[in-house]
Each structure stands twice: as C-alpha cells, then as structure tokens.
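Working notes for the structure below.
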Amino acid sequence: MNQLESSYIVDDDPIHQFGMKMLMRKLGFSKEVMVFNNGQEAIEALWDLVQAKLPFPNVIFLDLNMPIKDGWGFLDEFVQIPHRNREKVLLYVVSSSINPSDREKAKEYSVVSNYMVKPIKESELKDVLNLLR
C-alpha cells in the first residue's frame, strides 16, 4: 500500500503527539506528519496552502482542548476555507473527553469524519488508512 502524502496532528499534548507519530511511523501512515500545538497554528498553515495553491493534508487529527484556539474554534474557521481545498480531507476529532455532548457537537460539523477517544489505537489508525487508500 502507498503512504498518504501528509497528515496533521493538532494537539498541545506532547505525549499524545509522540504516541501518534510513533504509531503513524510504524504503520507507514504518511510521508509527512505536521504537528501543531493549537488550532490557530493549523489554520494559518492551511491558509498558507490555499495561497500557495498546494494540496491539503489527507487527514487531520484534531484535539478539542488547546490554548489560543481550541478544536471548536479551528472547526469554525476550517468550514470557511474554500470548499475545493478541504473537500477531500478526513478530519477526526481526537479527545480525552467521553462527554456525549462533545460527540454530539462534533456531529454538527459536516467536515468531521468521526470522533475518537484518546489514546488512539493502532487498529483505529489502520481503519483510517483503509478509508483513504
């Protein structure tokens, strides 16, 4: 199977970042993994891609609770990006929250592919790969 071109991890937890990168490397998930510590950094990177007319990442793993701009703020801005630039991105909310209201709120965003509870298991990453390959 071919690797995906790129993936984003948007999460301020260095332990989660490390674990995700290790799992992704083990699975040959994507050629490039970019890590952002908050939603603002990630949104700015996406707008840079729009300006440069470059493709978006294949998948974004988005935490909800972060400083500066949380996951909800990221989602509010992500849906404002021109559709042709975001239509093929699979976006997964990844949170330690098991609160049903967070799951329900995530479902209100049509761009959210699924809600995953931390820590992400290898089998869950394999499932994402199978959807994208």
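Following the order of the structure tokens, first chain is A, next is B, and so on, with residues numbered from 1 inside each chain and ligands from 1 in the order they appear.
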
- Item | Nearby residues (only C-alpha atoms) at most 12 Å from A:Met20, same-chain spacing under 4 positions excluded, as a PyMOL selection string | chain A and resi 7-11+13-16+24-30+33-35+60-62+94+118-122+124-125

- Tell me, as a PyMOL selection string, which residues lie within 9 Å of A:Phe78, counting only C-alpha atoms; anything in the same chain fewer than 3 positions away does not count. chain A and resi 43+46+73-75+81-82+86+111

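Take atom CA of A:Glu5 and atom CA of A:Ser97: the distance between them is 29.2 Å.
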
- What lies within 9 Å of A:Asn65 using only C-alpha atoms, ignoring chain neighbours under 6 positions off, as a PyMOL selection string? chain A and resi 11-12+38+71-72+95-96

- If you run DSSP on the backbone, which residues of stretch 19-98 of chain A are helix (DSSP H, G or I), as a PyMOL selection string? chain A and resi 19-27+39-52+71-78+83-86

Save out the residues we just selected, C-alpha atoms, as a short mmCIF file (atom, residue, chain, number, x, y, z; two decimals), in the first residue's frame.
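Below you can see again_6.cif, which holds the result:
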data_model
loop_
_atom_site.label_atom_id
_atom_site.label_comp_id
_atom_site.auth_asym_id
_atom_site.auth_seq_id
_atom_site.Cartn_x
_atom_site.Cartn_y
_atom_site.Cartn_z
CA GLY A 19 2.48 8.41 20.56
CA MET A 20 0.62 9.34 17.39
CA LYS A 21 3.82 9.94 15.44
CA MET A 22 5.25 6.60 16.60
CA LEU A 23 2.09 4.71 15.58
CA MET A 24 1.91 6.52 12.27
CA ARG A 25 5.57 5.75 11.56
CA LYS A 26 5.02 2.08 12.46
CA LEU A 27 2.11 1.84 10.02
CA GLY A 39 -5.85 25.39 16.21
CA GLN A 40 -4.55 28.83 15.25
CA GLU A 41 -1.22 27.44 14.04
CA ALA A 42 -3.02 24.78 12.00
CA ILE A 43 -5.50 27.21 10.42
CA GLU A 44 -2.65 29.52 9.43
CA ALA A 45 -0.80 26.59 7.83
CA LEU A 46 -3.92 25.63 5.86
CA TRP A 47 -4.42 29.19 4.60
CA ASP A 48 -0.76 29.20 3.54
CA LEU A 49 -1.53 26.09 1.46
CA VAL A 50 -4.54 27.85 -0.08
CA GLN A 51 -2.41 30.87 -1.00
CA ALA A 52 0.30 28.63 -2.49
CA GLY A 71 -10.71 22.49 18.35
CA TRP A 72 -14.12 24.12 18.14
CA GLY A 73 -12.54 27.41 17.03
CA PHE A 74 -10.49 25.52 14.45
CA LEU A 75 -13.63 23.84 13.09
CA ASP A 76 -15.47 27.17 12.89
CA GLU A 77 -12.67 28.58 10.73
CA PHE A 78 -12.00 25.38 8.76
CA HIS A 83 -14.59 24.08 -0.39
CA ARG A 84 -12.31 22.83 -3.17
CA ASN A 85 -9.39 22.97 -0.74
CA ARG A 86 -10.95 20.94 2.06
#
